Amino acid sequence: MPLPAKAFQRWLHGIAPDTSMADVCRLSKVKRTTLAQQLVRGKVAEATVVSISRAFNVDPVASLAYFDTYRDLAGPLIPPRQEELVSQIATADLLREVIARTVPGADGAADSEGGVPEAGARRAVEEWELDLTPHATSVKNWVDAIDDGELRHRVSAATGIAPQNYSAQLTANRLAPEVAIATSRAAGVGLTSGLIASGLITEAEGGWPPGARRAALDRLSDGTLTALAGDRLQALGRTLRRQEQDQEQTEKIWENLG
Amino acid sequence: MIEILQWTTLAACAAAAIWRIPSFSQKKNRSLFYIFALLTLAILLSIKGPYAAIDGLLGGMNVANLLLRFIIFAAIYFMGIRIARGFGDNAGLNLIRGRSGVLVLGLVSVAMVILFALMDSEGSSAGMAAVSAKDARNAALVEYYGAAGRAYPAYVCVAILPGLLRAVGSTLPAQLRISALLMSIGAIAIPLSLLFPVIPPAAGFLRFIINYTAILCFVGGFVLIWVAKGRAARKQPAGRRHPAARA
């Protein structure tokens with residue numbers, strides 16, 4: 001649920017008392033027309049608050065916690081789980097890690113016997129950085145990572161969102177902020193995780209320690225990593241194939257009926 | 001009320017036909033222009049005033065009504081093929097173009113011509129109401145003649161319906177699915193017209209509503225596709241949606 005305009009005005013006054021709306025928009029790169037429309041409708045998007053917070057060097061999570069809906073964000077933060085961290089690593093990065101571990105690097109030639117270089121050799125090829133959150137399937141991967149089998153039911157019971165609408169959000173890699181929080185709550189994980197997965201805030205803003213994802217990746221055994229990367233590839237393949245089929249079908253429609 | 005519906009449908013079809021003129025001159029899907037030109041003509045012939053005028057030219061024997069039926073057949077034949085092709089429905093395409101489709105079209109056409117010849121068709125009247133009122137024999141003939149005229153469009157619509165419903169439930173872009181939904185409504189409404197004989201005369205207006213709504217749904221479905229295509233062509237192919245912006 002977007003934030004009430006009145007509370008937003010109060011909050012904005014708190015962080016930028018002497019700044020005109022035009023300057024707020026200029027600094028935060030929120031479109032003026034967008035903000036004006038949100039204010040007229042009385043519903044301000046969470047993303048607006050986050051953008052403005054960043055522009056004024058205020059912690060976005062603390063800003064969200066200013067609003068009643070997100071009050072719980074102010075509470076103590078549960079640290080991210082291993083599975084959550086791994087779920088927020090892009091598929092391409094997982095694959096890169098698989099390659100880095102299996103192909104002996106420059107220094108890894110010595111221990112190519114098993115095909116898997118030892119930790120020391122692994123470090124040598126590890127100069128690359130993980131891509132920033134979120135990735136193309138981050139929302140669905142996150143929910144899958146924390147799902148105990150009943151999570152979706154609990155979320156839809158708690159929020160009143162129909163299960164198929166929830167699934168549709170996940171597939172579209174979208175998650176409304178309040179649904180993200182409800183999901184976190186239903187799974188008993190940190191409340192910021194879903195906001196990170198949906199791209200509303202960065203992992204640092206969400207309180208994930210720097211390098212946490214990298215460390216989680218390093219903790220994965222070769223077998224787990226490879227299986228996980230395989231699952232991701234398979235899911236990606238299915239999605240791509242469906243997109244290709246839809247594209248083909250759409251072109252057929254253009255061609256015959258357009 | 002019914003007049004408004006008739007003229008609205010006429011205007012919609014005429015507008016659709018005009019919309020196709022640029023594509024027609026560029027030789028793109030010319031049959032769509034013919035479909036809408038035929039439909040426009042068909043609707044014109046189903047409205048009292050224009051019908052009387054045209055039938056008068058043709059000798060005042062209601063030949064215009066027979067002409068109207070064949071115009072509808074032609075329009076629905078081409079439209080069915082286009083839609084089945086567009087939505088990748090080979091089964092539907094075969095039902096229309098294959099042996100059974102040709103058989104149904106042939107039988108219905110022959111039956112219609114024979115029935116027309118048997119009745120005393122003197123005296124122009126839209127929908128042959130005046131002919132039907134002459135005596136019981138003519139009334140029965142008009143009824144069967146009308147049923148035959150509705151049978152072929154119903155057959156084509158039943159043939160394309162499964163493909164359309166599949167498209168509605170697919171993961172295609174929303175506009176195309178809405179378009180398929182509109183066409184599905186049309187394809188359901190037209191076979192319903194076979195039930196016309198059991199509609200009580202008091203509710204006769206239902207006939208008009210079903211017929212013209214069906215046509216409007218098809219026109220709407222096509223227009224939606226053209227609009228969507230225009231939009232898709234204008235904007236760059238959208239990349240995968242990436243949620244929210246990063247700092």
# chains A, B, ... in the order shown; residues from 1 in each chain; ligands from 1

call {"tool": "closest_atom_pairs", "arguments": {"of": "chain A", "to": "chain B", "cutoff": "8 Å", "atoms": "only C-alpha atoms", "output": "Markdown table"}}
result
| residue | atom | partner | partner_atom | distance |
| --- | --- | --- | --- | --- |
| A:Ala47 | CA | B:Ala244 | CA | 7.2 |
| A:Ser51 | CA | B:Ala247 | CA | 7.4 |
| A:Arg54 | CA | B:Ala247 | CA | 7.3 |
| A:Pro134 | CA | B:Pro243 | CA | 7.8 |
| A:His135 | CA | B:His242 | CA | 7.9 |
| A:Ala136 | CA | B:His242 | CA | 6.7 |
| A:Ala172 | CA | B:Arg241 | CA | 7.6 |
| A:Asn173 | CA | B:Pro243 | CA | 6.9 |
| A:Arg174 | CA | B:Pro243 | CA | 6.2 |
| A:Ser198 | CA | B:Pro243 | CA | 6.1 |
| A:Gly199 | CA | B:Ala244 | CA | 5.6 |
| A:Leu200 | CA | B:Ala244 | CA | 5.8 |
| A:Ile201 | CA | B:Arg246 | CA | 7.3 |
| A:Thr202 | CA | B:Arg246 | CA | 7.2 |
| A:Asp246 | CA | B:Leu172 | CA | 5.6 |
| A:Gln249 | CA | B:Phe87 | CA | 6.9 |
| A:Thr250 | CA | B:Leu172 | CA | 7.2 |
| A:Lys252 | CA | B:Gly86 | CA | 5.4 |
| A:Ile253 | CA | B:Gly86 | CA | 4.2 |
| A:Trp254 | CA | B:Lys229 | CA | 6.5 |
| A:Glu255 | CA | B:Gly86 | CA | 7.2 |
| A:Asn256 | CA | B:Gly86 | CA | 4.9 |
| A:Leu257 | CA | B:Gly86 | CA | 6.0 |
| A:Gly258 | CA | B:Trp226 | CA | 5.3 |

call {"tool": "write_last_selection", "arguments": {"atoms": "C-alpha atoms", "output": "mmCIF file, in the first residue's frame"}}
result
data_model
loop_
_atom_site.group_PDB
_atom_site.id
_atom_site.type_symbol
_atom_site.label_atom_id
_atom_site.label_comp_id
_atom_site.auth_asym_id
_atom_site.auth_seq_id
_atom_site.Cartn_x
_atom_site.Cartn_y
_atom_site.Cartn_z
ATOM 1 C CA ALA A 47 10.256 4.197 -4.456
ATOM 2 C CA SER A 51 14.896 8.145 -4.075
ATOM 3 C CA ARG A 54 19.152 8.875 -1.105
ATOM 4 C CA PRO A 134 18.628 -7.250 -7.946
ATOM 5 C CA HIS A 135 19.065 -9.687 -10.823
ATOM 6 C CA ALA A 136 16.591 -10.761 -13.489
ATOM 7 C CA ALA A 172 7.292 -10.764 -13.431
ATOM 8 C CA ASN A 173 10.151 -10.194 -10.962
ATOM 9 C CA ARG A 174 8.088 -7.659 -9.103
ATOM 10 C CA SER A 198 12.625 -6.436 -5.538
ATOM 11 C CA GLY A 199 15.244 -3.745 -6.084
ATOM 12 C CA LEU A 200 13.638 -1.062 -3.939
ATOM 13 C CA ILE A 201 16.791 -0.743 -1.851
ATOM 14 C CA THR A 202 20.369 -1.914 -2.259
ATOM 15 C CA ASP A 246 5.187 -15.972 -27.512
ATOM 16 C CA GLN A 249 3.070 -16.264 -32.011
ATOM 17 C CA THR A 250 2.901 -12.496 -31.755
ATOM 18 C CA LYS A 252 2.344 -14.534 -36.631
ATOM 19 C CA ILE A 253 -0.551 -12.405 -35.452
ATOM 20 C CA TRP A 254 1.038 -9.224 -36.787
ATOM 21 C CA GLU A 255 1.745 -10.935 -40.050
ATOM 22 C CA ASN A 256 -1.763 -12.305 -40.567
ATOM 23 C CA LEU A 257 -4.020 -9.890 -38.778
ATOM 24 C CA GLY A 258 -1.989 -6.698 -38.564
#

call {"tool": "select_by_dssp", "arguments": {"residues": "range 30-185 of chain B", "states": "alpha helix (DSSP H)", "output": "PDB file with C-alpha atoms, in the first residue's frame"}}
result
ATOM      1  CA  ARG B  30      -5.285  -7.111 -48.421  1.00  0.00           C
ATOM      2  CA  SER B  31      -7.937  -9.617 -47.461  1.00  0.00           C
ATOM      3  CA  LEU B  32      -8.552  -7.644 -44.270  1.00  0.00           C
ATOM      4  CA  PHE B  33      -9.706  -4.729 -46.370  1.00  0.00           C
ATOM      5  CA  TYR B  34     -12.015  -6.987 -48.349  1.00  0.00           C
ATOM      6  CA  ILE B  35     -13.382  -8.513 -45.146  1.00  0.00           C
ATOM      7  CA  PHE B  36     -14.369  -5.158 -43.745  1.00  0.00           C
ATOM      8  CA  ALA B  37     -15.603  -3.803 -47.054  1.00  0.00           C
ATOM      9  CA  LEU B  38     -17.831  -6.890 -47.366  1.00  0.00           C
ATOM     10  CA  LEU B  39     -19.026  -6.563 -43.790  1.00  0.00           C
ATOM     11  CA  THR B  40     -19.846  -2.906 -44.344  1.00  0.00           C
ATOM     12  CA  LEU B  41     -21.861  -3.821 -47.396  1.00  0.00           C
ATOM     13  CA  ALA B  42     -23.570  -6.639 -45.483  1.00  0.00           C
ATOM     14  CA  ILE B  43     -24.612  -4.354 -42.665  1.00  0.00           C
ATOM     15  CA  LEU B  44     -25.805  -1.751 -45.105  1.00  0.00           C
ATOM     16  CA  LEU B  45     -28.000  -4.432 -46.669  1.00  0.00           C
ATOM     17  CA  SER B  46     -29.394  -5.446 -43.307  1.00  0.00           C
ATOM     18  CA  LYS B  48     -34.185  -1.187 -43.778  1.00  0.00           C
ATOM     19  CA  GLY B  49     -33.668   1.959 -45.819  1.00  0.00           C
ATOM     20  CA  PRO B  50     -30.560   0.966 -47.760  1.00  0.00           C
ATOM     21  CA  TYR B  51     -31.973  -2.523 -48.232  1.00  0.00           C
ATOM     22  CA  ALA B  52     -35.159  -1.253 -49.860  1.00  0.00           C
ATOM     23  CA  ALA B  53     -33.150   1.029 -52.131  1.00  0.00           C
ATOM     24  CA  ILE B  54     -30.717  -1.649 -53.266  1.00  0.00           C
ATOM     25  CA  ASP B  55     -33.319  -4.367 -53.583  1.00  0.00           C
ATOM     26  CA  GLY B  56     -35.419  -2.011 -55.622  1.00  0.00           C
ATOM     27  CA  LEU B  57     -32.568  -1.785 -58.105  1.00  0.00           C
ATOM     28  CA  VAL B  63     -32.522 -10.918 -54.248  1.00  0.00           C
ATOM     29  CA  ALA B  64     -30.601  -8.426 -52.138  1.00  0.00           C
ATOM     30  CA  ASN B  65     -31.256 -10.667 -49.155  1.00  0.00           C
ATOM     31  CA  LEU B  66     -29.745 -13.660 -50.917  1.00  0.00           C
ATOM     32  CA  LEU B  67     -26.834 -11.463 -51.932  1.00  0.00           C
ATOM     33  CA  LEU B  68     -26.465 -10.372 -48.320  1.00  0.00           C
ATOM     34  CA  ARG B  69     -26.167 -13.978 -47.181  1.00  0.00           C
ATOM     35  CA  PHE B  70     -23.412 -14.743 -49.645  1.00  0.00           C
ATOM     36  CA  ILE B  71     -21.573 -11.564 -48.793  1.00  0.00           C
ATOM     37  CA  ILE B  72     -21.618 -12.649 -45.165  1.00  0.00           C
ATOM     38  CA  PHE B  73     -20.370 -16.106 -46.137  1.00  0.00           C
ATOM     39  CA  ALA B  74     -17.469 -14.612 -48.054  1.00  0.00           C
ATOM     40  CA  ALA B  75     -16.576 -12.226 -45.237  1.00  0.00           C
ATOM     41  CA  ILE B  76     -16.759 -14.906 -42.571  1.00  0.00           C
ATOM     42  CA  TYR B  77     -14.780 -17.377 -44.685  1.00  0.00           C
ATOM     43  CA  PHE B  78     -11.874 -14.997 -45.152  1.00  0.00           C
ATOM     44  CA  MET B  79     -12.081 -13.743 -41.602  1.00  0.00           C
ATOM     45  CA  GLY B  80     -12.064 -17.269 -40.198  1.00  0.00           C
ATOM     46  CA  ILE B  81      -8.995 -18.156 -42.219  1.00  0.00           C
ATOM     47  CA  ARG B  82      -7.175 -14.997 -41.193  1.00  0.00           C
ATOM     48  CA  ILE B  83      -7.916 -15.487 -37.527  1.00  0.00           C
ATOM     49  CA  ALA B  84      -7.066 -19.191 -37.498  1.00  0.00           C
ATOM     50  CA  ARG B  85      -3.778 -18.429 -39.258  1.00  0.00           C
ATOM     51  CA  GLY B  86      -2.947 -15.530 -37.014  1.00  0.00           C
ATOM     52  CA  ASN B  90      -4.139 -25.333 -37.729  1.00  0.00           C
ATOM     53  CA  ALA B  91      -7.082 -27.490 -36.709  1.00  0.00           C
ATOM     54  CA  GLY B  92      -9.414 -24.538 -37.112  1.00  0.00           C
ATOM     55  CA  LEU B  93      -7.831 -23.639 -40.421  1.00  0.00           C
ATOM     56  CA  ASN B  94      -8.391 -27.177 -41.681  1.00  0.00           C
ATOM     57  CA  LEU B  95     -12.006 -27.158 -40.564  1.00  0.00           C
ATOM     58  CA  ILE B  96     -12.617 -24.040 -42.627  1.00  0.00           C
ATOM     59  CA  ARG B  97     -10.524 -24.733 -45.709  1.00  0.00           C
ATOM     60  CA  ARG B  99     -13.125 -30.876 -47.126  1.00  0.00           C
ATOM     61  CA  SER B 100     -15.655 -30.537 -44.323  1.00  0.00           C
ATOM     62  CA  GLY B 101     -15.614 -26.772 -44.550  1.00  0.00           C
ATOM     63  CA  VAL B 102     -16.168 -26.795 -48.281  1.00  0.00           C
ATOM     64  CA  LEU B 103     -18.903 -29.401 -47.841  1.00  0.00           C
ATOM     65  CA  VAL B 104     -20.756 -27.340 -45.264  1.00  0.00           C
ATOM     66  CA  LEU B 105     -20.428 -24.218 -47.374  1.00  0.00           C
ATOM     67  CA  GLY B 106     -21.661 -26.055 -50.481  1.00  0.00           C
ATOM     68  CA  LEU B 107     -24.629 -27.721 -48.790  1.00  0.00           C
ATOM     69  CA  VAL B 108     -25.707 -24.568 -47.029  1.00  0.00           C
ATOM     70  CA  SER B 109     -25.431 -22.502 -50.197  1.00  0.00           C
ATOM     71  CA  VAL B 110     -27.431 -24.969 -52.282  1.00  0.00           C
ATOM     72  CA  ALA B 111     -30.080 -25.256 -49.575  1.00  0.00           C
ATOM     73  CA  MET B 112     -30.324 -21.514 -49.323  1.00  0.00           C
ATOM     74  CA  VAL B 113     -30.738 -20.990 -53.066  1.00  0.00           C
ATOM     75  CA  ILE B 114     -33.356 -23.760 -53.308  1.00  0.00           C
ATOM     76  CA  LEU B 115     -35.338 -22.409 -50.372  1.00  0.00           C
ATOM     77  CA  PHE B 116     -35.173 -18.946 -51.837  1.00  0.00           C
ATOM     78  CA  ALA B 117     -36.414 -20.195 -55.160  1.00  0.00           C
ATOM     79  CA  LEU B 118     -39.291 -22.046 -53.516  1.00  0.00           C
ATOM     80  CA  ALA B 129     -40.523 -10.122 -42.761  1.00  0.00           C
ATOM     81  CA  ALA B 130     -43.202  -9.332 -45.342  1.00  0.00           C
ATOM     82  CA  VAL B 131     -42.558 -12.587 -47.211  1.00  0.00           C
ATOM     83  CA  SER B 132     -42.801 -14.539 -44.001  1.00  0.00           C
ATOM     84  CA  ALA B 136     -47.625 -20.506 -43.348  1.00  0.00           C
ATOM     85  CA  ARG B 137     -45.693 -22.080 -46.205  1.00  0.00           C
ATOM     86  CA  ASN B 138     -43.687 -18.963 -46.895  1.00  0.00           C
ATOM     87  CA  ALA B 139     -43.175 -18.433 -43.193  1.00  0.00           C
ATOM     88  CA  ALA B 140     -41.649 -21.904 -42.840  1.00  0.00           C
ATOM     89  CA  LEU B 141     -39.478 -21.419 -45.916  1.00  0.00           C
ATOM     90  CA  VAL B 142     -38.172 -18.091 -44.616  1.00  0.00           C
ATOM     91  CA  GLU B 143     -37.401 -19.704 -41.285  1.00  0.00           C
ATOM     92  CA  TYR B 144     -35.356 -22.508 -42.873  1.00  0.00           C
ATOM     93  CA  TYR B 145     -33.740 -20.084 -45.262  1.00  0.00           C
ATOM     94  CA  GLY B 146     -32.676 -17.937 -42.336  1.00  0.00           C
ATOM     95  CA  ALA B 147     -31.373 -20.955 -40.438  1.00  0.00           C
ATOM     96  CA  ALA B 148     -29.296 -22.017 -43.431  1.00  0.00           C
ATOM     97  CA  GLY B 149     -27.905 -18.523 -43.674  1.00  0.00           C
ATOM     98  CA  ARG B 150     -26.815 -18.617 -40.043  1.00  0.00           C
ATOM     99  CA  ALA B 151     -25.425 -22.144 -40.200  1.00  0.00           C
ATOM    100  CA  TYR B 152     -22.238 -21.426 -42.109  1.00  0.00           C
ATOM    101  CA  PRO B 153     -21.073 -18.441 -40.024  1.00  0.00           C
ATOM    102  CA  ALA B 154     -21.822 -20.543 -36.949  1.00  0.00           C
ATOM    103  CA  TYR B 155     -19.705 -23.380 -38.336  1.00  0.00           C
ATOM    104  CA  VAL B 156     -16.727 -21.094 -38.972  1.00  0.00           C
ATOM    105  CA  CYS B 157     -17.024 -19.520 -35.541  1.00  0.00           C
ATOM    106  CA  VAL B 158     -17.113 -22.887 -33.802  1.00  0.00           C
ATOM    107  CA  ALA B 159     -14.029 -23.849 -35.810  1.00  0.00           C
ATOM    108  CA  ILE B 160     -11.965 -20.861 -34.687  1.00  0.00           C
ATOM    109  CA  LEU B 161     -13.236 -20.684 -31.113  1.00  0.00           C
ATOM    110  CA  PRO B 162     -10.813 -23.205 -29.503  1.00  0.00           C
ATOM    111  CA  GLY B 163      -7.800 -21.409 -30.951  1.00  0.00           C
ATOM    112  CA  LEU B 164      -9.082 -18.076 -29.719  1.00  0.00           C
ATOM    113  CA  LEU B 165      -9.754 -19.381 -26.235  1.00  0.00           C
ATOM    114  CA  ARG B 166      -6.260 -20.851 -26.122  1.00  0.00           C
ATOM    115  CA  ALA B 167      -4.854 -17.439 -26.982  1.00  0.00           C
ATOM    116  CA  VAL B 168      -6.944 -15.833 -24.239  1.00  0.00           C
ATOM    117  CA  ALA B 174      -2.252  -8.420 -22.749  1.00  0.00           C
ATOM    118  CA  GLN B 175      -3.584  -6.496 -25.735  1.00  0.00           C
ATOM    119  CA  LEU B 176      -3.529  -9.583 -27.911  1.00  0.00           C
ATOM    120  CA  ARG B 177      -5.257 -11.623 -25.248  1.00  0.00           C
ATOM    121  CA  ILE B 178      -7.977  -9.004 -24.877  1.00  0.00           C
ATOM    122  CA  SER B 179      -8.318  -8.974 -28.619  1.00  0.00           C
ATOM    123  CA  ALA B 180      -8.681 -12.772 -28.617  1.00  0.00           C
ATOM    124  CA  LEU B 181     -11.249 -12.447 -25.844  1.00  0.00           C
ATOM    125  CA  LEU B 182     -13.328  -9.991 -27.888  1.00  0.00           C
ATOM    126  CA  MET B 183     -13.163 -12.282 -30.886  1.00  0.00           C
ATOM    127  CA  SER B 184     -14.135 -15.222 -28.695  1.00  0.00           C
ATOM    128  CA  ILE B 185     -17.242 -13.367 -27.577  1.00  0.00           C
TER     129      ILE B 185
END

call {"tool": "atom_distance", "arguments": {"atom1": "CA of Lys140 in chain A", "atom2": "CA of Ser167 in chain A"}}
result
8.6 Å

call {"tool": "select_by_dssp", "arguments": {"residues": "range 2-153 of chain A", "states": "strand (DSSP E)", "output": "list in words"}}
result
Leu3, Pro4, Lys43 and Val44 of chain A

call {"tool": "write_last_selection", "arguments": {"atoms": "C-alpha atoms", "output": "short mmCIF file (atom, residue, chain, number, x, y, z; two decimals), in the first residue's frame"}}
result
data_model
loop_
_atom_site.label_atom_id
_atom_site.label_comp_id
_atom_site.auth_asym_id
_atom_site.auth_seq_id
_atom_site.Cartn_x
_atom_site.Cartn_y
_atom_site.Cartn_z
CA LEU A 3 2.16 5.93 1.62
CA PRO A 4 -0.41 8.57 2.55
CA LYS A 43 -0.65 7.88 -2.42
CA VAL A 44 3.08 8.26 -2.61
#

call {"tool": "residues_around", "arguments": {"residues": "Leu233 in chain A", "least_positions_apart": "3", "cutoff": "10 Å", "atoms": "only C-alpha atoms", "output": "PyMOL selection string"}}
result
chain A and resi 91-92+94-95+227-230+236-239

call {"tool": "write_last_selection", "arguments": {"atoms": "C-alpha atoms", "output": "CSV table (one decimal), in the first residue's frame"}}
result
chain,number,residue,atom,x,y,z
A,91,THR,CA,22.6,-16.7,-12.6
A,92,ALA,CA,25.5,-15.4,-14.7
A,94,LEU,CA,26.8,-18.5,-10.4
A,95,LEU,CA,27.9,-19.8,-13.7
A,227,ALA,CA,23.3,-28.2,-8.9
A,228,LEU,CA,22.0,-24.7,-8.1
A,229,ALA,CA,23.4,-23.2,-11.2
A,230,GLY,CA,21.9,-26.1,-13.1
A,236,LEU,CA,16.0,-19.7,-17.5
A,237,GLY,CA,15.8,-22.0,-20.4
A,238,ARG,CA,12.1,-22.6,-19.8
A,239,THR,CA,11.4,-18.8,-19.6
